[in-house]
Amino acid sequence: MTADQDIALRPAQASDAQAVFEITHLSIATLGKEHYSVDQLAGWMGARTPAYYEALIANGRMIVAERQGAVIGFVDAEPGEVTRLFLHPAAAGSGLGKRLLGLGIEQAREGHAGPVKVEATINAESFYSRHGFRTTGKGFFSHGLGGDPIEIVHMEL
């Protein structure tokens, strides 16, 4: 997959919740497997369901990337933080992550004057570094819903 003209970026709709759930799960299982244990990967999604993502979508801040009618990535942010950025593994390395990150940063800056933060997965630290984020510490994912603790890297722009 490439981040070309046939990719539409649009606000997420409630009907996207299942696709967002599946992309998150597939991305974690595929892109995180070299950096996290089998137990961490198995428990990463915790109690998340498509309904969890419907509630996030209802906040009106999530943007999805769609190609030929299929959602292939998304970004979500709140003031001061890019909270979620996931791609279908086939879209990784295509430039789509950069496009979505730019939108997430814009959203995180709305109503916020300080640095933009992200809790990066270990495997995504280099991605965020390439886009200007700097590491400020290590810790554990704070947006989790159960399962083994997931190690993350605190970063800011």
# chains A, B, ... in the order shown; residues from 1 in each chain; ligands from 1
$ residues_around --residues "Ser27 in chain A" --least-positions-apart "5" --cutoff "9 Å" --atoms "only C-alpha atoms" --output "number ranges by chain"
A: 22, 32, 86-89
$ write_last_selection --atoms "C-alpha atoms" --output "PDB file, in the first residue's frame"
ATOM      1  CA  GLU A  22      -9.326  -4.722  13.863  1.00  0.00           C
ATOM      2  CA  GLY A  32       4.893  -5.189  18.024  1.00  0.00           C
ATOM      3  CA  PHE A  86      -2.312   2.775  14.140  1.00  0.00           C
ATOM      4  CA  LEU A  87      -1.890   1.495  10.592  1.00  0.00           C
ATOM      5  CA  HIS A  88      -2.779  -1.705   8.888  1.00  0.00           C
ATOM      6  CA  PRO A  89       0.621  -3.483   8.735  1.00  0.00           C
TER       7      PRO A  89
END
$ residues_around --residues "Ala113 in chain A" --least-positions-apart "3" --cutoff "9 Å" --atoms "only C-alpha atoms" --output "CSV table (one decimal) with C-alpha atoms, in the first residue's frame"
chain,number,residue,atom,x,y,z
A,79,PRO,CA,-5.3,18.6,23.7
A,80,GLY,CA,-1.6,18.1,24.3
A,109,ARG,CA,-2.3,21.7,19.5
A,110,GLU,CA,-5.9,22.9,19.3
A,116,VAL,CA,2.6,17.7,22.3
$ closest_residue --among "A:Thr24, A:Ala58, A:Ile63, A:Leu96" --to "Asp6 in chain A" --atoms "only C-alpha atoms"
A:Leu96
$ residues_around --residues "Val38 in chain A" --least-positions-apart "3" --cutoff "12 Å" --atoms "only C-alpha atoms" --output "PyMOL selection string"
chain A and resi 28-30+32-35+41-44+147-148+150
$ atom_distance --atom1 "CA of Leu56 in chain A" --atom2 "CA of Leu157 in chain A"
23.6 Å
$ select_by_dssp --residues "range 80-136 of chain A" --states "alpha helix (DSSP H)" --output "list of chain:residue names"
A:Leu96, A:Gly97, A:Lys98, A:Arg99, A:Leu100, A:Leu101, A:Gly102, A:Leu103, A:Gly104, A:Ile105, A:Glu106, A:Gln107, A:Ala108, A:Arg109, A:Glu125, A:Ser126, A:Phe127, A:Tyr128, A:Ser129, A:Arg130
$ write_last_selection --atoms "N, CA and C atoms" --output "CSV table (one decimal), in the first residue's frame"
chain,number,residue,atom,x,y,z
A,96,LEU,N,2.0,7.0,5.1
A,96,LEU,CA,0.7,7.3,5.6
A,96,LEU,C,0.8,7.7,7.1
A,97,GLY,N,1.6,7.0,7.8
A,97,GLY,CA,1.8,7.3,9.2
A,97,GLY,C,2.2,8.8,9.4
A,98,LYS,N,3.1,9.3,8.6
A,98,LYS,CA,3.5,10.7,8.7
A,98,LYS,C,2.3,11.6,8.4
A,99,ARG,N,1.5,11.3,7.4
A,99,ARG,CA,0.3,12.1,7.1
A,99,ARG,C,-0.6,12.1,8.3
A,100,LEU,N,-0.9,11.0,8.9
A,100,LEU,CA,-1.8,10.9,10.0
A,100,LEU,C,-1.2,11.6,11.3
A,101,LEU,N,0.1,11.4,11.5
A,101,LEU,CA,0.7,12.1,12.6
A,101,LEU,C,0.6,13.6,12.5
A,102,GLY,N,0.8,14.1,11.3
A,102,GLY,CA,0.6,15.6,11.1
A,102,GLY,C,-0.8,16.1,11.5
A,103,LEU,N,-1.8,15.3,11.2
A,103,LEU,CA,-3.1,15.7,11.5
A,103,LEU,C,-3.3,15.5,13.1
A,104,GLY,N,-2.8,14.5,13.6
A,104,GLY,CA,-2.9,14.3,15.1
A,104,GLY,C,-2.2,15.4,15.8
A,105,ILE,N,-1.0,15.9,15.4
A,105,ILE,CA,-0.3,17.0,16.0
A,105,ILE,C,-1.2,18.3,15.9
A,106,GLU,N,-1.8,18.5,14.8
A,106,GLU,CA,-2.6,19.7,14.6
A,106,GLU,C,-3.8,19.6,15.6
A,107,GLN,N,-4.4,18.5,15.8
A,107,GLN,CA,-5.5,18.3,16.7
A,107,GLN,C,-5.0,18.5,18.2
A,108,ALA,N,-3.8,17.9,18.5
A,108,ALA,CA,-3.3,18.0,19.8
A,108,ALA,C,-3.0,19.5,20.2
A,109,ARG,N,-2.6,20.3,19.2
A,109,ARG,CA,-2.3,21.7,19.5
A,109,ARG,C,-3.5,22.6,19.6
A,125,GLU,N,9.2,4.2,18.6
A,125,GLU,CA,10.0,5.3,19.0
A,125,GLU,C,10.8,5.9,17.9
A,126,SER,N,11.4,5.1,17.0
A,126,SER,CA,12.2,5.7,15.9
A,126,SER,C,11.3,6.5,15.0
A,127,PHE,N,10.1,6.0,14.7
A,127,PHE,CA,9.2,6.8,13.9
A,127,PHE,C,8.9,8.2,14.4
A,128,TYR,N,8.6,8.3,15.7
A,128,TYR,CA,8.3,9.6,16.3
A,128,TYR,C,9.6,10.4,16.3
A,129,SER,N,10.7,9.8,16.6
A,129,SER,CA,12.0,10.6,16.6
A,129,SER,C,12.3,11.2,15.2
A,130,ARG,N,12.0,10.4,14.2
A,130,ARG,CA,12.2,11.0,12.8
A,130,ARG,C,11.3,12.2,12.5
$ atom_distance --atom1 "CA of His25 in chain A" --atom2 "CA of Gly93 in chain A"
18.1 Å
$ residues_around --residues "Thr121 in chain A" --least-positions-apart "2" --cutoff "6 Å" --atoms "only C-alpha atoms" --output "ChimeraX atom specification"
/A:123-124,152
$ write_last_selection --atoms "all heavy atoms" --output "mmCIF file, in the first residue's frame"
data_model
loop_
_atom_site.group_PDB
_atom_site.id
_atom_site.type_symbol
_atom_site.label_atom_id
_atom_site.label_comp_id
_atom_site.auth_asym_id
_atom_site.auth_seq_id
_atom_site.Cartn_x
_atom_site.Cartn_y
_atom_site.Cartn_z
ATOM 1 N N ASN A 123 8.488 -0.154 19.530
ATOM 2 C CA ASN A 123 8.732 -0.293 18.101
ATOM 3 C C ASN A 123 8.468 0.999 17.326
ATOM 4 O O ASN A 123 8.937 1.152 16.206
ATOM 5 C CB ASN A 123 7.920 -1.436 17.496
ATOM 6 C CG ASN A 123 6.449 -1.365 17.820
ATOM 7 O OD1 ASN A 123 6.064 -1.465 18.978
ATOM 8 N ND2 ASN A 123 5.616 -1.203 16.818
ATOM 9 N N ALA A 124 7.732 1.963 17.904
ATOM 10 C CA ALA A 124 7.413 3.208 17.199
ATOM 11 C C ALA A 124 8.306 4.383 17.607
ATOM 12 O O ALA A 124 8.191 5.467 17.038
ATOM 13 C CB ALA A 124 5.952 3.571 17.430
ATOM 14 N N ILE A 152 6.366 1.573 27.367
ATOM 15 C CA ILE A 152 6.292 2.625 26.363
ATOM 16 C C ILE A 152 7.414 3.621 26.565
ATOM 17 O O ILE A 152 8.149 3.557 27.563
ATOM 18 C CB ILE A 152 4.917 3.355 26.384
ATOM 19 C CG1 ILE A 152 4.550 3.890 27.781
ATOM 20 C CG2 ILE A 152 3.817 2.427 25.908
ATOM 21 C CD1 ILE A 152 4.949 5.292 28.027
#
$ atom_distance --atom1 "CA of Phe21 in chain A" --atom2 "CA of Ala90 in chain A"
16.1 Å
$ closest_residue --among "A:Met155, A:Ala91, A:Leu31, A:Ala120" --to "Glu66 in chain A" --atoms "only C-alpha atoms"
A:Ala91
$ residues_around --residues "Ala70 in chain A" --least-positions-apart "4" --cutoff "10 Å" --atoms "only C-alpha atoms" --output "PyMOL selection string"
chain A and resi 7-8+16+19+64-66
$ select_by_dssp --residues "chain A" --states "strand (DSSP E or B)" --output "PyMOL selection string"
chain A and resi 7-11+63-67+70-78+81-87+117-121+134-140+151-156
$ decode --residues "range 115-149 of chain A" --atoms "N, CA, C and O atoms" --output "PDB file, in the first residue's frame"
ATOM      1  N   PRO A 115       3.967  21.522  24.965  1.00  0.00           N
ATOM      2  CA  PRO A 115       4.456  20.470  24.071  1.00  0.00           C
ATOM      3  C   PRO A 115       3.369  19.435  23.771  1.00  0.00           C
ATOM      4  O   PRO A 115       2.443  19.252  24.564  1.00  0.00           O
ATOM      5  N   VAL A 116       3.507  18.805  22.639  1.00  0.00           N
ATOM      6  CA  VAL A 116       2.617  17.703  22.270  1.00  0.00           C
ATOM      7  C   VAL A 116       3.304  16.419  22.698  1.00  0.00           C
ATOM      8  O   VAL A 116       4.462  16.181  22.359  1.00  0.00           O
ATOM      9  N   LYS A 117       2.584  15.601  23.446  1.00  0.00           N
ATOM     10  CA  LYS A 117       3.156  14.365  23.977  1.00  0.00           C
ATOM     11  C   LYS A 117       2.603  13.156  23.244  1.00  0.00           C
ATOM     12  O   LYS A 117       1.553  13.213  22.616  1.00  0.00           O
ATOM     13  N   VAL A 118       3.346  12.072  23.378  1.00  0.00           N
ATOM     14  CA  VAL A 118       2.900  10.782  22.871  1.00  0.00           C
ATOM     15  C   VAL A 118       3.507   9.703  23.755  1.00  0.00           C
ATOM     16  O   VAL A 118       4.629   9.860  24.252  1.00  0.00           O
ATOM     17  N   GLU A 119       2.724   8.653  23.994  1.00  0.00           N
ATOM     18  CA  GLU A 119       3.248   7.458  24.651  1.00  0.00           C
ATOM     19  C   GLU A 119       3.525   6.470  23.524  1.00  0.00           C
ATOM     20  O   GLU A 119       2.630   5.791  23.047  1.00  0.00           O
ATOM     21  N   ALA A 120       4.761   6.427  23.071  1.00  0.00           N
ATOM     22  CA  ALA A 120       5.137   5.606  21.926  1.00  0.00           C
ATOM     23  C   ALA A 120       5.423   4.174  22.355  1.00  0.00           C
ATOM     24  O   ALA A 120       6.030   3.948  23.400  1.00  0.00           O
ATOM     25  N   THR A 121       5.002   3.239  21.530  1.00  0.00           N
ATOM     26  CA  THR A 121       5.424   1.870  21.758  1.00  0.00           C
ATOM     27  C   THR A 121       6.917   1.786  21.471  1.00  0.00           C
ATOM     28  O   THR A 121       7.482   2.653  20.777  1.00  0.00           O
ATOM     29  N   ILE A 122       7.566   0.778  21.994  1.00  0.00           N
ATOM     30  CA  ILE A 122       9.006   0.619  21.779  1.00  0.00           C
ATOM     31  C   ILE A 122       9.319   0.564  20.282  1.00  0.00           C
ATOM     32  O   ILE A 122      10.272   1.180  19.811  1.00  0.00           O
ATOM     33  N   ASN A 123       8.488  -0.154  19.530  1.00  0.00           N
ATOM     34  CA  ASN A 123       8.732  -0.293  18.101  1.00  0.00           C
ATOM     35  C   ASN A 123       8.468   0.999  17.326  1.00  0.00           C
ATOM     36  O   ASN A 123       8.937   1.152  16.206  1.00  0.00           O
ATOM     37  N   ALA A 124       7.732   1.963  17.904  1.00  0.00           N
ATOM     38  CA  ALA A 124       7.413   3.208  17.199  1.00  0.00           C
ATOM     39  C   ALA A 124       8.306   4.383  17.607  1.00  0.00           C
ATOM     40  O   ALA A 124       8.191   5.467  17.038  1.00  0.00           O
ATOM     41  N   GLU A 125       9.202   4.171  18.567  1.00  0.00           N
ATOM     42  CA  GLU A 125      10.044   5.272  19.038  1.00  0.00           C
ATOM     43  C   GLU A 125      10.827   5.914  17.896  1.00  0.00           C
ATOM     44  O   GLU A 125      10.894   7.147  17.788  1.00  0.00           O
ATOM     45  N   SER A 126      11.407   5.122  17.026  1.00  0.00           N
ATOM     46  CA  SER A 126      12.207   5.695  15.932  1.00  0.00           C
ATOM     47  C   SER A 126      11.324   6.486  14.956  1.00  0.00           C
ATOM     48  O   SER A 126      11.753   7.509  14.423  1.00  0.00           O
ATOM     49  N   PHE A 127      10.099   6.042  14.730  1.00  0.00           N
ATOM     50  CA  PHE A 127       9.156   6.774  13.868  1.00  0.00           C
ATOM     51  C   PHE A 127       8.928   8.176  14.418  1.00  0.00           C
ATOM     52  O   PHE A 127       9.052   9.169  13.704  1.00  0.00           O
ATOM     53  N   TYR A 128       8.592   8.261  15.692  1.00  0.00           N
ATOM     54  CA  TYR A 128       8.325   9.569  16.296  1.00  0.00           C
ATOM     55  C   TYR A 128       9.597  10.427  16.344  1.00  0.00           C
ATOM     56  O   TYR A 128       9.525  11.632  16.129  1.00  0.00           O
ATOM     57  N   SER A 129      10.738   9.816  16.594  1.00  0.00           N
ATOM     58  CA  SER A 129      12.006  10.564  16.592  1.00  0.00           C
ATOM     59  C   SER A 129      12.270  11.193  15.233  1.00  0.00           C
ATOM     60  O   SER A 129      12.692  12.345  15.143  1.00  0.00           O
ATOM     61  N   ARG A 130      12.009  10.441  14.168  1.00  0.00           N
ATOM     62  CA  ARG A 130      12.204  10.970  12.806  1.00  0.00           C
ATOM     63  C   ARG A 130      11.310  12.175  12.524  1.00  0.00           C
ATOM     64  O   ARG A 130      11.588  12.959  11.620  1.00  0.00           O
ATOM     65  N   HIS A 131      10.227  12.298  13.284  1.00  0.00           N
ATOM     66  CA  HIS A 131       9.279  13.385  13.049  1.00  0.00           C
ATOM     67  C   HIS A 131       9.348  14.453  14.139  1.00  0.00           C
ATOM     68  O   HIS A 131       8.392  15.194  14.359  1.00  0.00           O
ATOM     69  N   GLY A 132      10.511  14.543  14.793  1.00  0.00           N
ATOM     70  CA  GLY A 132      10.779  15.654  15.695  1.00  0.00           C
ATOM     71  C   GLY A 132      10.512  15.426  17.169  1.00  0.00           C
ATOM     72  O   GLY A 132      10.816  16.284  17.990  1.00  0.00           O
ATOM     73  N   PHE A 133       9.942  14.295  17.541  1.00  0.00           N
ATOM     74  CA  PHE A 133       9.695  14.026  18.958  1.00  0.00           C
ATOM     75  C   PHE A 133      10.997  13.626  19.628  1.00  0.00           C
ATOM     76  O   PHE A 133      11.868  13.014  19.022  1.00  0.00           O
ATOM     77  N   ARG A 134      11.118  13.984  20.902  1.00  0.00           N
ATOM     78  CA  ARG A 134      12.295  13.568  21.664  1.00  0.00           C
ATOM     79  C   ARG A 134      11.834  12.757  22.866  1.00  0.00           C
ATOM     80  O   ARG A 134      10.769  12.982  23.428  1.00  0.00           O
ATOM     81  N   THR A 135      12.656  11.808  23.236  1.00  0.00           N
ATOM     82  CA  THR A 135      12.356  10.928  24.360  1.00  0.00           C
ATOM     83  C   THR A 135      12.539  11.681  25.667  1.00  0.00           C
ATOM     84  O   THR A 135      13.561  12.356  25.860  1.00  0.00           O
ATOM     85  N   THR A 136      11.547  11.570  26.557  1.00  0.00           N
ATOM     86  CA  THR A 136      11.632  12.228  27.865  1.00  0.00           C
ATOM     87  C   THR A 136      11.646  11.218  29.003  1.00  0.00           C
ATOM     88  O   THR A 136      11.856  11.596  30.151  1.00  0.00           O
ATOM     89  N   GLY A 137      11.428   9.958  28.706  1.00  0.00           N
ATOM     90  CA  GLY A 137      11.447   8.937  29.750  1.00  0.00           C
ATOM     91  C   GLY A 137      10.825   7.641  29.273  1.00  0.00           C
ATOM     92  O   GLY A 137      10.363   7.533  28.138  1.00  0.00           O
ATOM     93  N   LYS A 138      10.831   6.678  30.149  1.00  0.00           N
ATOM     94  CA  LYS A 138      10.232   5.364  29.881  1.00  0.00           C
ATOM     95  C   LYS A 138       9.131   5.146  30.906  1.00  0.00           C
ATOM     96  O   LYS A 138       9.110   5.776  31.958  1.00  0.00           O
ATOM     97  N   GLY A 139       8.236   4.246  30.609  1.00  0.00           N
ATOM     98  CA  GLY A 139       7.152   3.968  31.544  1.00  0.00           C
ATOM     99  C   GLY A 139       6.270   2.857  31.023  1.00  0.00           C
ATOM    100  O   GLY A 139       6.713   2.000  30.253  1.00  0.00           O
ATOM    101  N   PHE A 140       5.024   2.911  31.437  1.00  0.00           N
ATOM    102  CA  PHE A 140       4.042   1.928  31.022  1.00  0.00           C
ATOM    103  C   PHE A 140       2.828   2.651  30.466  1.00  0.00           C
ATOM    104  O   PHE A 140       2.462   3.732  30.935  1.00  0.00           O
ATOM    105  N   PHE A 141       2.208   2.055  29.492  1.00  0.00           N
ATOM    106  CA  PHE A 141       1.055   2.610  28.798  1.00  0.00           C
ATOM    107  C   PHE A 141      -0.037   2.974  29.796  1.00  0.00           C
ATOM    108  O   PHE A 141      -0.456   2.142  30.590  1.00  0.00           O
ATOM    109  N   SER A 142      -0.511   4.217  29.754  1.00  0.00           N
ATOM    110  CA  SER A 142      -1.505   4.668  30.717  1.00  0.00           C
ATOM    111  C   SER A 142      -2.937   4.592  30.199  1.00  0.00           C
ATOM    112  O   SER A 142      -3.865   4.835  30.949  1.00  0.00           O
ATOM    113  N   HIS A 143      -3.117   4.265  28.929  1.00  0.00           N
ATOM    114  CA  HIS A 143      -4.464   4.210  28.361  1.00  0.00           C
ATOM    115  C   HIS A 143      -4.970   2.774  28.261  1.00  0.00           C
ATOM    116  O   HIS A 143      -5.912   2.494  27.538  1.00  0.00           O
ATOM    117  N   GLY A 144      -4.339   1.861  28.969  1.00  0.00           N
ATOM    118  CA  GLY A 144      -4.682   0.450  28.859  1.00  0.00           C
ATOM    119  C   GLY A 144      -5.959   0.070  29.586  1.00  0.00           C
ATOM    120  O   GLY A 144      -6.458   0.790  30.433  1.00  0.00           O
ATOM    121  N   LEU A 145      -6.448  -1.100  29.237  1.00  0.00           N
ATOM    122  CA  LEU A 145      -7.680  -1.617  29.833  1.00  0.00           C
ATOM    123  C   LEU A 145      -7.474  -3.014  30.393  1.00  0.00           C
ATOM    124  O   LEU A 145      -8.389  -3.813  30.415  1.00  0.00           O
ATOM    125  N   GLY A 146      -6.303  -3.339  30.817  1.00  0.00           N
ATOM    126  CA  GLY A 146      -6.058  -4.665  31.366  1.00  0.00           C
ATOM    127  C   GLY A 146      -4.899  -5.337  30.676  1.00  0.00           C
ATOM    128  O   GLY A 146      -4.278  -4.782  29.788  1.00  0.00           O
ATOM    129  N   GLY A 147      -4.617  -6.539  31.109  1.00  0.00           N
ATOM    130  CA  GLY A 147      -3.504  -7.275  30.531  1.00  0.00           C
ATOM    131  C   GLY A 147      -2.196  -6.888  31.191  1.00  0.00           C
ATOM    132  O   GLY A 147      -2.145  -6.053  32.099  1.00  0.00           O
ATOM    133  N   ASP A 148      -1.124  -7.525  30.759  1.00  0.00           N
ATOM    134  CA  ASP A 148       0.204  -7.222  31.286  1.00  0.00           C
ATOM    135  C   ASP A 148       0.585  -5.780  30.967  1.00  0.00           C
ATOM    136  O   ASP A 148       0.194  -5.246  29.927  1.00  0.00           O
ATOM    137  N   PRO A 149       1.375  -5.141  31.831  1.00  0.00           N
ATOM    138  CA  PRO A 149       1.818  -3.772  31.534  1.00  0.00           C
ATOM    139  C   PRO A 149       2.597  -3.729  30.216  1.00  0.00           C
ATOM    140  O   PRO A 149       3.385  -4.621  29.916  1.00  0.00           O
TER     141      PRO A 149
END
